[in-house]
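S.K.: File upload.pdb below, PDB, N, CA and C atoms:
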MODEL        1
ATOM      1  N   MET A 167     110.615  55.224  95.164
ATOM      2  CA  MET A 167     111.737  54.618  94.462
ATOM      3  C   MET A 167     111.660  53.104  94.602
ATOM      4  N   SER A 168     111.942  52.402  93.529
ATOM      5  CA  SER A 168     111.967  50.951  93.613
ATOM      6  C   SER A 168     113.234  50.524  94.339
ATOM      7  N   THR A 169     113.274  49.258  94.762
ATOM      8  CA  THR A 169     114.443  48.750  95.481
ATOM      9  C   THR A 169     115.714  48.911  94.666
ATOM     10  N   ASP A 170     115.588  48.739  93.336
ATOM     11  CA  ASP A 170     116.738  48.834  92.450
ATOM     12  C   ASP A 170     117.193  50.280  92.272
ATOM     13  N   SER A 171     116.381  51.209  92.721
ATOM     14  CA  SER A 171     116.676  52.631  92.515
ATOM     15  C   SER A 171     116.861  53.376  93.831
ATOM     16  N   THR A 172     117.411  52.723  94.849
ATOM     17  CA  THR A 172     117.671  53.412  96.106
ATOM     18  C   THR A 172     118.713  54.500  95.867
ATOM     19  N   ARG A 173     118.731  55.473  96.724
ATOM     20  CA  ARG A 173     119.674  56.583  96.534
ATOM     21  C   ARG A 173     121.118  56.092  96.503
ATOM     22  N   ASP A 174     121.485  55.204  97.427
ATOM     23  CA  ASP A 174     122.860  54.681  97.439
ATOM     24  C   ASP A 174     123.172  53.940  96.141
ATOM     25  N   GLY A 175     122.213  53.152  95.667
ATOM     26  CA  GLY A 175     122.411  52.423  94.417
ATOM     27  C   GLY A 175     122.569  53.361  93.234
ATOM     28  N   LEU A 176     121.757  54.402  93.216
ATOM     29  CA  LEU A 176     121.845  55.380  92.134
ATOM     30  C   LEU A 176     123.186  56.113  92.156
ATOM     31  N   VAL A 177     123.636  56.476  93.341
ATOM     32  CA  VAL A 177     124.915  57.184  93.458
ATOM     33  C   VAL A 177     126.056  56.270  93.010
ATOM     34  N   ASN A 178     126.006  54.998  93.386
ATOM     35  CA  ASN A 178     127.048  54.062  92.953
ATOM     36  C   ASN A 178     127.057  53.910  91.440
ATOM     37  N   ARG A 179     125.895  53.836  90.833
ATOM     38  CA  ARG A 179     125.828  53.758  89.371
ATOM     39  C   ARG A 179     126.372  55.041  88.742
ATOM     40  N   PHE A 180     125.987  56.159  89.332
ATOM     41  CA  PHE A 180     126.439  57.465  88.835
ATOM     42  C   PHE A 180     127.966  57.535  88.812
ATOM     43  N   LYS A 181     128.610  57.038  89.864
ATOM     44  CA  LYS A 181     130.070  57.067  89.957
ATOM     45  C   LYS A 181     130.734  56.305  88.809
ATOM     46  N   ASN A 182     130.051  55.319  88.253
ATOM     47  CA  ASN A 182     130.610  54.500  87.175
ATOM     48  C   ASN A 182     130.454  55.126  85.792
ATOM     49  N   LEU A 183     129.734  56.228  85.716
ATOM     50  CA  LEU A 183     129.507  56.864  84.423
ATOM     51  C   LEU A 183     130.687  57.747  84.028
ATOM     52  N   PRO A 184     130.898  57.931  82.728
ATOM     53  CA  PRO A 184     131.909  58.888  82.286
ATOM     54  C   PRO A 184     131.539  60.305  82.757
ATOM     55  N   VAL A 185     132.539  61.142  82.916
ATOM     56  CA  VAL A 185     132.344  62.502  83.431
ATOM     57  C   VAL A 185     131.298  63.271  82.621
ATOM     58  N   ASN A 186     131.349  63.180  81.287
ATOM     59  CA  ASN A 186     130.395  63.957  80.483
ATOM     60  C   ASN A 186     128.957  63.510  80.732
ATOM     61  N   ILE A 187     128.738  62.235  80.970
ATOM     62  CA  ILE A 187     127.384  61.742  81.270
ATOM     63  C   ILE A 187     126.985  62.182  82.679
ATOM     64  N   GLN A 188     127.920  62.153  83.619
ATOM     65  CA  GLN A 188     127.627  62.648  84.969
ATOM     66  C   GLN A 188     127.159  64.102  84.909
ATOM     67  N   GLU A 189     127.872  64.906  84.138
ATOM     68  CA  GLU A 189     127.510  66.320  84.027
ATOM     69  C   GLU A 189     126.132  66.489  83.394
ATOM     70  N   GLN A 190     125.803  65.666  82.414
ATOM     71  CA  GLN A 190     124.467  65.727  81.792
ATOM     72  C   GLN A 190     123.383  65.382  82.807
ATOM     73  N   GLU A 191     123.629  64.358  83.617
ATOM     74  CA  GLU A 191     122.627  63.957  84.619
ATOM     75  C   GLU A 191     122.416  65.062  85.655
ATOM     76  N   ILE A 192     123.487  65.711  86.063
ATOM     77  CA  ILE A 192     123.366  66.809  87.033
ATOM     78  C   ILE A 192     122.576  67.965  86.419
ATOM     79  N   LYS A 193     122.856  68.292  85.166
ATOM     80  CA  LYS A 193     122.096  69.362  84.493
ATOM     81  C   LYS A 193     120.617  69.003  84.400
ATOM     82  N   TYR A 194     120.327  67.745  84.078
ATOM     83  CA  TYR A 194     118.942  67.305  83.970
ATOM     84  C   TYR A 194     118.240  67.401  85.326
ATOM     85  N   LEU A 195     118.909  66.946  86.382
ATOM     86  CA  LEU A 195     118.323  67.059  87.718
ATOM     87  C   LEU A 195     118.086  68.520  88.089
ATOM     88  N   SER A 196     119.024  69.376  87.748
ATOM     89  CA  SER A 196     118.873  70.802  88.034
ATOM     90  C   SER A 196     117.615  71.352  87.358
ATOM     91  N   ILE A 197     117.398  70.955  86.111
ATOM     92  CA  ILE A 197     116.199  71.392  85.382
ATOM     93  C   ILE A 197     114.946  70.866  86.070
ATOM     94  N   LEU A 198     114.974  69.578  86.449
ATOM     95  CA  LEU A 198     113.811  68.986  87.133
ATOM     96  C   LEU A 198     113.498  69.718  88.442
ATOM     97  N   LEU A 199     114.540  70.247  89.067
ATOM     98  CA  LEU A 199     114.369  70.919  90.355
ATOM     99  C   LEU A 199     114.260  72.437  90.210
ATOM    100  N   GLY A 200     113.920  72.892  89.018
ATOM    101  CA  GLY A 200     113.696  74.318  88.802
ATOM    102  C   GLY A 200     114.955  75.162  88.809
ATOM    103  N   GLY A 201     116.063  74.593  88.377
ATOM    104  CA  GLY A 201     117.319  75.345  88.306
ATOM    105  C   GLY A 201     118.171  75.254  89.553
ATOM    106  N   ALA A 202     117.912  74.271  90.383
ATOM    107  CA  ALA A 202     118.685  74.115  91.621
ATOM    108  C   ALA A 202     120.169  73.918  91.317
ATOM    109  N   THR A 203     120.996  74.468  92.168
ATOM    110  CA  THR A 203     122.442  74.280  92.062
ATOM    111  C   THR A 203     122.994  73.918  93.430
ATOM    112  N   ILE A 204     124.135  73.278  93.415
ATOM    113  CA  ILE A 204     124.839  72.923  94.647
ATOM    114  C   ILE A 204     126.188  73.638  94.597
ATOM    115  N   ASP A 205     126.509  74.357  95.650
ATOM    116  CA  ASP A 205     127.787  75.067  95.698
ATOM    117  C   ASP A 205     128.928  74.097  95.957
ATOM    118  N   LYS A 206     130.035  74.338  95.254
ATOM    119  CA  LYS A 206     131.225  73.514  95.435
ATOM    120  C   LYS A 206     131.964  73.986  96.681
ATOM    121  N   LEU A 207     132.385  73.017  97.492
ATOM    122  CA  LEU A 207     133.167  73.337  98.679
ATOM    123  C   LEU A 207     134.581  73.731  98.262
ATOM    124  N   GLU A 208     135.206  74.555  99.060
ATOM    125  CA  GLU A 208     136.511  75.115  98.707
ATOM    126  C   GLU A 208     137.568  74.051  98.401
ATOM    127  N   ASP A 209     137.641  73.016  99.215
ATOM    128  CA  ASP A 209     138.687  72.005  99.043
ATOM    129  C   ASP A 209     138.166  70.721  98.391
ATOM    130  N   GLU A 210     137.031  70.785  97.754
ATOM    131  CA  GLU A 210     136.380  69.607  97.181
ATOM    132  C   GLU A 210     136.904  69.339  95.762
ATOM    133  N   SER A 211     137.215  68.081  95.468
ATOM    134  CA  SER A 211     137.650  67.722  94.114
ATOM    135  C   SER A 211     136.455  67.778  93.166
ATOM    136  N   ASP A 212     136.726  67.870  91.891
ATOM    137  CA  ASP A 212     135.642  67.894  90.895
ATOM    138  C   ASP A 212     134.828  66.603  90.957
ATOM    139  N   ASP A 213     135.506  65.470  91.113
ATOM    140  CA  ASP A 213     134.809  64.186  91.206
ATOM    141  C   ASP A 213     133.863  64.146  92.405
ATOM    142  N   ASP A 214     134.386  64.538  93.568
ATOM    143  CA  ASP A 214     133.562  64.545  94.778
ATOM    144  C   ASP A 214     132.395  65.519  94.648
ATOM    145  N   TYR A 215     132.641  66.647  94.016
ATOM    146  CA  TYR A 215     131.591  67.650  93.831
ATOM    147  C   TYR A 215     130.462  67.103  92.958
ATOM    148  N   ARG A 216     130.809  66.427  91.868
ATOM    149  CA  ARG A 216     129.770  65.855  91.000
ATOM    150  C   ARG A 216     128.941  64.820  91.751
ATOM    151  N   VAL A 217     129.610  63.956  92.499
ATOM    152  CA  VAL A 217     128.895  62.916  93.255
ATOM    153  C   VAL A 217     127.999  63.539  94.313
ATOM    154  N   ARG A 218     128.515  64.509  95.045
ATOM    155  CA  ARG A 218     127.714  65.162  96.087
ATOM    156  C   ARG A 218     126.542  65.926  95.490
ATOM    157  N   SER A 219     126.771  66.598  94.367
ATOM    158  CA  SER A 219     125.686  67.329  93.700
ATOM    159  C   SER A 219     124.577  66.375  93.290
ATOM    160  N   PHE A 220     124.951  65.259  92.679
ATOM    161  CA  PHE A 220     123.963  64.268  92.247
ATOM    162  C   PHE A 220     123.187  63.749  93.454
ATOM    163  N   ASP A 221     123.891  63.388  94.509
ATOM    164  CA  ASP A 221     123.261  62.845  95.707
ATOM    165  C   ASP A 221     122.307  63.850  96.352
ATOM    166  N   GLU A 222     122.755  65.076  96.493
ATOM    167  CA  GLU A 222     121.908  66.090  97.141
ATOM    168  C   GLU A 222     120.692  66.442  96.283
ATOM    169  N   MET A 223     120.864  66.445  94.975
ATOM    170  CA  MET A 223     119.717  66.724  94.105
ATOM    171  C   MET A 223     118.725  65.565  94.127
ATOM    172  N   LEU A 224     119.233  64.340  94.192
ATOM    173  CA  LEU A 224     118.325  63.191  94.322
ATOM    174  C   LEU A 224     117.460  63.330  95.566
ATOM    175  N   ALA A 225     118.073  63.774  96.643
ATOM    176  CA  ALA A 225     117.354  63.928  97.909
ATOM    177  C   ALA A 225     116.245  64.965  97.811
ATOM    178  N   GLN A 226     116.360  65.908  96.881
ATOM    179  CA  GLN A 226     115.358  66.966  96.728
ATOM    180  C   GLN A 226     114.182  66.554  95.842
ATOM    181  N   LEU A 227     114.318  65.421  95.128
ATOM    182  CA  LEU A 227     113.230  64.986  94.242
ATOM    183  C   LEU A 227     112.024  64.542  95.053
ATOM    184  N   PRO A 228     110.825  64.765  94.529
ATOM    185  CA  PRO A 228     109.642  64.251  95.210
ATOM    186  C   PRO A 228     109.666  62.712  95.224
ATOM    187  N   ASP A 229     109.039  62.122  96.231
ATOM    188  CA  ASP A 229     109.029  60.661  96.359
ATOM    189  C   ASP A 229     108.466  59.950  95.137
ATOM    190  N   ASP A 230     107.540  60.594  94.449
ATOM    191  CA  ASP A 230     106.902  59.941  93.295
ATOM    192  C   ASP A 230     107.578  60.289  91.962
ATOM    193  N   SER A 231     108.773  60.855  92.018
ATOM    194  CA  SER A 231     109.480  61.229  90.797
ATOM    195  C   SER A 231     109.841  59.986  89.979
ATOM    196  N   PRO A 232     109.629  60.047  88.678
ATOM    197  CA  PRO A 232     110.015  58.914  87.822
ATOM    198  C   PRO A 232     111.515  58.884  87.525
ATOM    199  N   TYR A 233     112.243  59.940  87.916
ATOM    200  CA  TYR A 233     113.665  60.020  87.570
ATOM    201  C   TYR A 233     114.500  58.825  88.046
ATOM    202  N   PRO A 234     114.401  58.397  89.310
ATOM    203  CA  PRO A 234     115.265  57.297  89.753
ATOM    204  C   PRO A 234     115.122  56.024  88.913
ATOM    205  N   ASP A 235     113.898  55.645  88.612
ATOM    206  CA  ASP A 235     113.696  54.441  87.799
ATOM    207  C   ASP A 235     114.178  54.658  86.366
ATOM    208  N   ALA A 236     113.944  55.843  85.828
ATOM    209  CA  ALA A 236     114.405  56.147  84.467
ATOM    210  C   ALA A 236     115.928  56.131  84.410
ATOM    211  N   PHE A 237     116.583  56.695  85.418
ATOM    212  CA  PHE A 237     118.046  56.693  85.477
ATOM    213  C   PHE A 237     118.570  55.264  85.516
ATOM    214  N   THR A 238     117.966  54.426  86.357
ATOM    215  CA  THR A 238     118.390  53.027  86.474
ATOM    216  C   THR A 238     118.221  52.301  85.148
ATOM    217  N   ASN A 239     117.086  52.477  84.506
ATOM    218  CA  ASN A 239     116.849  51.812  83.217
ATOM    219  C   ASN A 239     117.851  52.262  82.163
ATOM    220  N   THR A 240     118.120  53.558  82.107
ATOM    221  CA  THR A 240     119.090  54.080  81.144
ATOM    222  C   THR A 240     120.478  53.534  81.444
ATOM    223  N   TYR A 241     120.842  53.497  82.715
ATOM    224  CA  TYR A 241     122.157  52.976  83.114
ATOM    225  C   TYR A 241     122.298  51.515  82.692
ATOM    226  N   LEU A 242     121.287  50.711  82.977
ATOM    227  CA  LEU A 242     121.354  49.288  82.638
ATOM    228  C   LEU A 242     121.396  49.086  81.128
ATOM    229  N   ASN A 243     120.676  49.906  80.383
ATOM    230  CA  ASN A 243     120.735  49.815  78.923
ATOM    231  C   ASN A 243     122.124  50.168  78.407
ATOM    232  N   ARG A 244     122.752  51.180  78.995
ATOM    233  CA  ARG A 244     124.128  51.542  78.608
ATOM    234  C   ARG A 244     125.068  50.367  78.855
ATOM    235  N   GLN A 245     124.884  49.691  79.993
ATOM    236  CA  GLN A 245     125.731  48.541  80.318
ATOM    237  C   GLN A 245     125.547  47.414  79.304
ATOM    238  N   ARG A 246     124.300  47.145  78.926
ATOM    239  CA  ARG A 246     124.030  46.090  77.931
ATOM    240  C   ARG A 246     124.677  46.421  76.591
ATOM    241  N   ILE A 247     124.527  47.671  76.171
ATOM    242  CA  ILE A 247     125.113  48.095  74.891
ATOM    243  C   ILE A 247     126.628  47.971  74.943
ATOM    244  N   PHE A 248     127.234  48.377  76.060
ATOM    245  CA  PHE A 248     128.681  48.273  76.203
ATOM    246  C   PHE A 248     129.128  46.819  76.103
ATOM    247  N   LYS A 249     128.404  45.918  76.768
ATOM    248  CA  LYS A 249     128.763  44.492  76.731
ATOM    249  C   LYS A 249     128.628  43.937  75.315
ATOM    250  N   ILE A 250     127.583  44.320  74.612
ATOM    251  CA  ILE A 250     127.378  43.848  73.239
ATOM    252  C   ILE A 250     128.500  44.358  72.349
ATOM    253  N   ARG A 251     128.824  45.633  72.463
ATOM    254  CA  ARG A 251     129.895  46.206  71.632
ATOM    255  C   ARG A 251     131.233  45.566  71.947
ATOM    256  N   THR A 252     131.494  45.331  73.233
ATOM    257  CA  THR A 252     132.741  44.684  73.631
ATOM    258  C   THR A 252     132.810  43.278  73.057
ATOM    259  N   PHE A 253     131.715  42.535  73.156
ATOM    260  CA  PHE A 253     131.665  41.181  72.598
ATOM    261  C   PHE A 253     131.913  41.214  71.095
ATOM    262  N   ASP A 254     131.291  42.156  70.391
ATOM    263  CA  ASP A 254     131.482  42.261  68.942
ATOM    264  C   ASP A 254     132.936  42.582  68.600
ATOM    265  N   LEU A 255     133.568  43.470  69.384
ATOM    266  CA  LEU A 255     134.972  43.810  69.140
ATOM    267  C   LEU A 255     135.869  42.595  69.345
ATOM    268  N   VAL A 256     135.606  41.850  70.401
ATOM    269  CA  VAL A 256     136.403  40.650  70.670
ATOM    270  C   VAL A 256     136.177  39.622  69.571
ATOM    271  N   LYS A 257     134.923  39.446  69.196
ATOM    272  CA  LYS A 257     134.595  38.484  68.138
ATOM    273  C   LYS A 257     135.282  38.880  66.831
ATOM    274  N   ASP A 258     135.284  40.159  66.503
ATOM    275  CA  ASP A 258     135.953  40.638  65.297
ATOM    276  C   ASP A 258     137.462  40.431  65.382
ATOM    277  N   ALA A 259     138.023  40.598  66.583
ATOM    278  CA  ALA A 259     139.468  40.470  66.749
ATOM    279  C   ALA A 259     139.939  39.023  66.653
ATOM    280  N   ILE A 260     139.104  38.086  67.137
ATOM    281  CA  ILE A 260     139.548  36.692  67.139
ATOM    282  C   ILE A 260     138.933  35.859  66.020
ATOM    283  N   GLY A 261     137.944  36.381  65.340
ATOM    284  CA  GLY A 261     137.326  35.646  64.243
ATOM    285  C   GLY A 261     136.249  34.693  64.728
ATOM    286  N   GLU A 262     135.418  34.287  63.824
ATOM    287  CA  GLU A 262     134.279  33.406  64.132
ATOM    288  C   GLU A 262     134.740  32.056  64.669
ATOM    289  N   ASP A 263     135.873  31.560  64.175
ATOM    290  CA  ASP A 263     136.333  30.229  64.569
ATOM    291  C   ASP A 263     137.229  30.239  65.807
ATOM    292  N   GLY A 264     137.441  31.404  66.396
ATOM    293  CA  GLY A 264     138.253  31.502  67.594
ATOM    294  C   GLY A 264     139.723  31.751  67.341
ATOM    295  N   SER A 265     140.118  31.811  66.079
ATOM    296  CA  SER A 265     141.526  32.067  65.763
ATOM    297  C   SER A 265     141.768  33.572  65.689
ATOM    298  N   SER A 266     142.966  33.984  66.016
ATOM    299  CA  SER A 266     143.322  35.405  66.008
ATOM    300  C   SER A 266     143.400  35.914  64.582
ATOM    301  N   LYS A 267     142.894  37.120  64.353
ATOM    302  CA  LYS A 267     142.949  37.729  63.027
ATOM    303  C   LYS A 267     144.199  38.578  62.850
ATOM    304  N   SER A 268     145.007  38.721  63.888
ATOM    305  CA  SER A 268     146.197  39.571  63.767
ATOM    306  C   SER A 268     147.274  38.867  62.955
ATOM    307  N   THR A 269     148.051  39.640  62.250
ATOM    308  CA  THR A 269     149.146  39.241  61.351
ATOM    309  C   THR A 269     148.731  38.395  60.234
TER     310      THR A 269
ENDMDL
END
Could you render the structure as structure tokens?
M.R.:
Amino acid sequence: MSTDSTRDGLVNRFKNLPVNIQEQEIKYLSILLGGATIDKLEDESDDDYRVRSFDEMLAQLPDDSPYPDAFTNTYLNRQRIFKIRTFDLVKDAIGEDGSSKST
């Protein structure tokens, strides 16, 4: 794993993802690990369960797995796209000259 893709760093990035993307990543890891599953603890919240599942599955990946770097790259690309879209929305709302377009 590269420095940017340490397990703690990956888990922190994972926590920032929407629930549906978290679930997709867990399913993908499960496939990579031959159908591995993590049992939910009796008193565990859904959020905690997703984070723990992701973390434990990461730990099961081989050291030379390309997944951590691919996950980091995808995460960073999502962040860039979000920033661009947010900037475009703000620009559309205030206009090219900086004046508000409302009313």
S.K.: So how many Å separate atom CA of Leu199 of chain A and atom C of Asn178 of chain A, to one decimal?
M.R.: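 Computing it gives 21.2 Å between the two atoms.
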S.K.: For a test of reading the model, state the distance in Å between atom N of Asp221 of chain A and atom C of Asn243 of chain A, rounded to one decimal.
M.R.: 20.9 Å
S.K.: Report the distance between atom CA of Leu183 of chain A and atom N of Leu198 of chain A in Å, rounded to one decimal place.
M.R.: 19.4 Å
S.K.: Quick one: residues within 8 Å of Ile204 of chain A, all atoms listed in the file counted, chain neighbours fewer than 6 positions away excluded, as a list of chain:residue names?
M.R.: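 Listing them by chain and then by number gives A:Ser196, A:Tyr215, A:Arg218, A:Ser219, A:Phe220, A:Glu222, A:Met223.
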S.K.: Looking at only C-alpha atoms, which of A:Thr172, A:Asn182, A:Gln245, A:Thr203 is the one that sits closest to Tyr233 of chain A?
M.R.: A:Thr172
S.K.: Find, counting only N, CA and C atoms, the residue in A:Ile197, A:Leu207, A:Ile260, A:Val217 that gets nearest to Phe180 of chain A.
M.R.: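 Smallest separation from Phe180 of chain A among the options: A:Val217.
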S.K.: Quick test: take segment 221-232 of chain A, keep all heavy atoms, and write it as an mmCIF file, in the first residue's frame.
M.R.:
data_model
loop_
_atom_site.group_PDB
_atom_site.id
_atom_site.type_symbol
_atom_site.label_atom_id
_atom_site.label_comp_id
_atom_site.auth_asym_id
_atom_site.auth_seq_id
_atom_site.Cartn_x
_atom_site.Cartn_y
_atom_site.Cartn_z
ATOM 1 N N ASP A 221 -12.994 -2.229 7.128
ATOM 2 C CA ASP A 221 -11.681 -2.324 7.757
ATOM 3 C C ASP A 221 -11.186 -3.769 7.822
ATOM 4 O O ASP A 221 -10.037 -4.062 7.461
ATOM 5 C CB ASP A 221 -11.738 -1.704 9.151
ATOM 6 C CG ASP A 221 -10.386 -1.632 9.824
ATOM 7 O OD1 ASP A 221 -9.375 -1.380 9.138
ATOM 8 O OD2 ASP A 221 -10.331 -1.822 11.052
ATOM 9 N N GLU A 222 -12.047 -4.665 8.244
ATOM 10 C CA GLU A 222 -11.631 -6.071 8.370
ATOM 11 C C GLU A 222 -11.369 -6.707 7.004
ATOM 12 O O GLU A 222 -10.468 -7.538 6.867
ATOM 13 C CB GLU A 222 -12.668 -6.859 9.163
ATOM 14 C CG GLU A 222 -12.676 -6.486 10.640
ATOM 15 C CD GLU A 222 -13.604 -7.332 11.486
ATOM 16 O OE1 GLU A 222 -14.031 -8.413 11.018
ATOM 17 O OE2 GLU A 222 -13.893 -6.913 12.620
ATOM 18 N N MET A 223 -12.141 -6.321 6.007
ATOM 19 C CA MET A 223 -11.896 -6.860 4.665
ATOM 20 C C MET A 223 -10.601 -6.301 4.083
ATOM 21 O O MET A 223 -9.864 -7.027 3.406
ATOM 22 C CB MET A 223 -13.083 -6.575 3.753
ATOM 23 C CG MET A 223 -14.282 -7.434 4.058
ATOM 24 S SD MET A 223 -15.614 -7.126 2.887
ATOM 25 C CE MET A 223 -16.849 -8.257 3.479
ATOM 26 N N LEU A 224 -10.318 -5.033 4.356
ATOM 27 C CA LEU A 224 -9.034 -4.472 3.911
ATOM 28 C C LEU A 224 -7.873 -5.271 4.482
ATOM 29 O O LEU A 224 -6.887 -5.533 3.793
ATOM 30 C CB LEU A 224 -8.890 -3.018 4.373
ATOM 31 C CG LEU A 224 -9.609 -1.938 3.601
ATOM 32 C CD1 LEU A 224 -9.373 -0.587 4.260
ATOM 33 C CD2 LEU A 224 -9.173 -1.899 2.141
ATOM 34 N N ALA A 225 -7.997 -5.642 5.739
ATOM 35 C CA ALA A 225 -6.936 -6.396 6.410
ATOM 36 C C ALA A 225 -6.714 -7.759 5.771
ATOM 37 O O ALA A 225 -5.617 -8.322 5.867
ATOM 38 C CB ALA A 225 -7.277 -6.558 7.890
ATOM 39 N N GLN A 226 -7.729 -8.301 5.103
ATOM 40 C CA GLN A 226 -7.622 -9.621 4.477
ATOM 41 C C GLN A 226 -7.019 -9.572 3.073
ATOM 42 O O GLN A 226 -6.676 -10.615 2.508
ATOM 43 C CB GLN A 226 -9.001 -10.272 4.416
ATOM 44 C CG GLN A 226 -9.592 -10.581 5.775
ATOM 45 C CD GLN A 226 -10.984 -11.168 5.668
ATOM 46 O OE1 GLN A 226 -11.289 -11.913 4.740
ATOM 47 N NE2 GLN A 226 -11.840 -10.836 6.625
ATOM 48 N N LEU A 227 -6.904 -8.362 2.496
ATOM 49 C CA LEU A 227 -6.352 -8.253 1.139
ATOM 50 C C LEU A 227 -4.872 -8.596 1.133
ATOM 51 O O LEU A 227 -4.158 -8.289 2.094
ATOM 52 C CB LEU A 227 -6.521 -6.821 0.610
ATOM 53 C CG LEU A 227 -7.922 -6.365 0.257
ATOM 54 C CD1 LEU A 227 -7.910 -4.872 -0.088
ATOM 55 C CD2 LEU A 227 -8.493 -7.173 -0.901
ATOM 56 N N PRO A 228 -4.392 -9.193 0.049
ATOM 57 C CA PRO A 228 -2.957 -9.434 -0.056
ATOM 58 C C PRO A 228 -2.198 -8.096 -0.105
ATOM 59 O O PRO A 228 -2.742 -7.084 -0.531
ATOM 60 C CB PRO A 228 -2.796 -10.184 -1.384
ATOM 61 C CG PRO A 228 -4.147 -10.342 -1.966
ATOM 62 C CD PRO A 228 -5.140 -9.676 -1.098
ATOM 63 N N ASP A 229 -0.959 -8.104 0.362
ATOM 64 C CA ASP A 229 -0.157 -6.875 0.393
ATOM 65 C C ASP A 229 -0.007 -6.217 -0.971
ATOM 66 O O ASP A 229 0.114 -4.998 -1.064
ATOM 67 C CB ASP A 229 1.237 -7.153 0.970
ATOM 68 C CG ASP A 229 1.173 -7.464 2.462
ATOM 69 O OD1 ASP A 229 0.181 -7.079 3.111
ATOM 70 O OD2 ASP A 229 2.123 -8.092 2.970
ATOM 71 N N ASP A 230 -0.012 -7.017 -2.021
ATOM 72 C CA ASP A 230 0.195 -6.459 -3.366
ATOM 73 C C ASP A 230 -1.119 -6.141 -4.092
ATOM 74 O O ASP A 230 -1.131 -5.878 -5.294
ATOM 75 C CB ASP A 230 1.051 -7.397 -4.212
ATOM 76 C CG ASP A 230 0.391 -8.754 -4.438
ATOM 77 O OD1 ASP A 230 -0.617 -9.064 -3.757
ATOM 78 O OD2 ASP A 230 0.887 -9.508 -5.294
ATOM 79 N N SER A 231 -2.223 -6.117 -3.363
ATOM 80 C CA SER A 231 -3.518 -5.836 -3.976
ATOM 81 C C SER A 231 -3.558 -4.405 -4.522
ATOM 82 O O SER A 231 -3.134 -3.467 -3.841
ATOM 83 C CB SER A 231 -4.637 -6.005 -2.948
ATOM 84 O OG SER A 231 -5.870 -5.548 -3.489
ATOM 85 N N PRO A 232 -4.082 -4.240 -5.721
ATOM 86 C CA PRO A 232 -4.215 -2.885 -6.280
ATOM 87 C C PRO A 232 -5.413 -2.125 -5.707
ATOM 88 O O PRO A 232 -5.564 -0.936 -5.939
ATOM 89 C CB PRO A 232 -4.396 -3.135 -7.777
ATOM 90 C CG PRO A 232 -5.007 -4.500 -7.865
ATOM 91 C CD PRO A 232 -4.444 -5.271 -6.687
#
